[in-house]
Amino acid sequence: MNFDDTPQEAAFRAEARDWISANAPHQYKDELAKASLGRVQLKGANILEVGKAWQKKKADAGWACLHWPKDYGGRGATPIERVIWQQEEGVFGKLSGLFIIGHGMCGPTMMAYASEDQKREYLPPLASGEKVWCQLFSEPAGGSDVAGLRTRAERDGDDWIINGQKIWTSGAHYSDHGILITRTDPTVPKHKGLTMFFLDMKSPGVEIKPIKQANGQAEFNEVYFTNVRIPDAQRLGAVGDGWNVSLTTLMNERMSIGANVATGFPELFAFCANLTLGDGPALDDRAVRSKLANWAVRASGLKYTSFRAISALSRGERPGPENSIGKLVAGSMIQDVATYALDLQGAAGVVSSPEQAELGGKFQAMLLRSPATRVEGGTDEILRNIIAERVLGLPGDIRVDKDVPFNKIPTKGR
Amino acid sequence: MNFDFSDDQKQLRDQARRFLAEHSSPKAVRAVLDGAKPYDRDLWKGLAGMGFLGVAIPEEFGGAGAGHLELCVIAEEMGRALAPVPFSSSIYLAAEAIMLAGSDEQKKKYLPGLADGTTIGTLALFEGPGNPSPRAIKAAVTNGALSGTKLPVSDGDIADIAIVAARTAQSGRETDIALFIVDLKGKGVSRKTLTNIDPSRNQAEITFDNCPAEPLGPAAEGWSLLTRVLDRAAVLVAFEQVGGADRTLEMGRDYALDRIAFGRQIGSFQAVKHLLADMYVSVTLARSNAYYGAWALSTNASELSEAAAAARISATQAFQHCSKNNIQVHGGMGFTWEFDCHLYYRRSNALALALGSLSYWEDQLIDRLRTRNAA
């Protein structure tokens, strides 16, 4: 049992470290280190431009999308090399936030289903950050129930005509392309009538409206489609096979193992170490100690769980559904940690202005953003279902709409 | 990175699991629970014969000389099987204390017997309610003679020797506390078996009246030695707790697949699935913390003190969480004497109190994190 790299891993790490040390935008390091959750903001610089420039630099030197084939803009690296890169990239990885969906979901789907010419045309600029992609899955009527989507695609000669609405689309407002799942046949059960496409987000009839979120920011969007034309050549997979195509997309998401999931614990511990409570340091208070110890072991448990997963990768195993545990634990933990950090501040915890609030308002920002963490990319409930069904082997939920034609499924309660 | 046990260690785990499945069945556990005997002598002899007792004891002192990672994988299986034997008292506490602090002579004298099971050892630390603290120790050694009362002492009325924490001065400092080895079959020792929440393991009150006491380690270092012994034992007990938690998760899952209610397997109800998913989460976090503890223990890393506290807290939470929710999944059947759920529930709550309770380990963890952060 050890934490050591194999000689090959050590060589790769040294190469990555040297390159990062020579090339990363170190001027933003402190600001990036401070940003813990939610949008990264850089003083006097546009995060989009800084992120794109960093991605381009990585791509030119062969460090972008490491695990993709070289022909498509990657490096053909192993999963463990990808993890080592993430560890070495550290806070600069936060600059790649706007590419997560393109690189993690859209790219792999294109790789599996696009034509060879399309892959060579679209993937390298995606890898290098010149083009940003989004994923158009969720709808007002279908969040966790993805297959309940209603956006229609109707055949018209060599084209398809799209009408409908998507929602919670991260980054749609700055995306160049998107992958889009639609309903092409409402007369068959819901999983069987779906078809996947990719499209140019500047196509006529695409309208993007940022959603002002509960925390006041706007990372997500509504996207409306009014008679949008997509050539049949941009279909991914067979007509009616969109559900299987989307599963490829979702499976690929699991390949990325977060070695450092944000839990809020290091921030809370540092805060308590400097806080006076009553007559003495907060760290001498029995109640504070008990809370902190409880979160400390969750944070370290997650850390060493990811180390076990990395060890499995190192042996050549593929990550499985057990990796759902990371976001499930971290999501509610960060919410609880933020709530408690504000409680410790007393009435002043209500203040979120960066000049007055403790730690520049970090905990207030965490509090207001964390509800989304527990919903996005699989709700706590869906993640528990994944663990129960795919790890523990319990039966799937009973689905009363499974074999019913989509257009016969009730859409409202009474 | 290879943050996992080796193939050989996993093989040892399988071997221990097979052996314990045969020799520490629920029926065997119940024979001790029902009070027919204070521990399972045949199992104890069998474990000695397999070389499990002395796995981490050096060969020159009668052990197998393998190491602590090997002891960790065996500990997990002991917990999974609820082995009704004084393994933790004799091996994690007595043998570890002697390996840590004993003179060569003491190692030669005591370790072979502990390794082959002919000697049973334990640690006599507590004196009634409260967590480990120098001030709580009233038992005292004066002119080489020990007097005082210890309660509870795990396996106290079946043990042959005890490592006893006793006071040598009254200044109130940690340096007042020293460790001693005491022959429990000698003069002046009286013992009483205590009824306890987990009768598959023995607990006793021991009164010492001017007993001969052999010093273990430098007199002024007793408290710091004791802390180190507790840290090492915390990692090993954490593996027992992980083993027990993992087994209760399996029991709950199997029952949820087997039991039909409202016309379907109860494991298809989301409320039950989510209960089991949360059990899985707690075992997984505890296992990962325990692995970190195992790494620190086996390499004698400077992080051992925090790793041990984290492993201890996480494993205590996981075993209690899983054992109580295993009963919940089983419903009324889970509360019958006949089903094995209560055996794990008892053990999880008894282990939660051994070595100092959760609040003690929370204090330890925060103090240690504070020290490290300040450094």
# chains A, B, ... in the order shown; residues from 1 in each chain; ligands from 1
$ interface_residues --of "chain B" --to "chain A" --cutoff "8 Å" --atoms "only C-alpha atoms" --output "PyMOL selection string"
chain B and resi 1-6+253+256-257+265+267-270+273-274+276-278+280-281+284-289+291-292+295+310-311+313-314+359+362-363+365-366+370
$ residues_around --residues "Gln335 (chain A)" --least-positions-apart "4" --cutoff "12 Å" --atoms "only C-alpha atoms" --output "VMD selection string"
chain A and resid 37 262 to 265 268 295 328 to 331 339 to 342 363 to 374
$ atom_distance --atom1 "CA of Leu42 (chain A)" --atom2 "CA of Lys362 (chain A)"
14.9 Å
$ select_by_dssp --residues "region 211-287 of chain B" --states "strand (DSSP E or B)" --output "PyMOL selection string"
chain B and resi 211-212+214-216+260-261+264-265
$ closest_residue --among "B:Ile161, B:Glu77, B:Val85, B:His68" --to "Gly46 (chain B)" --atoms "only C-alpha atoms"
B:Val85
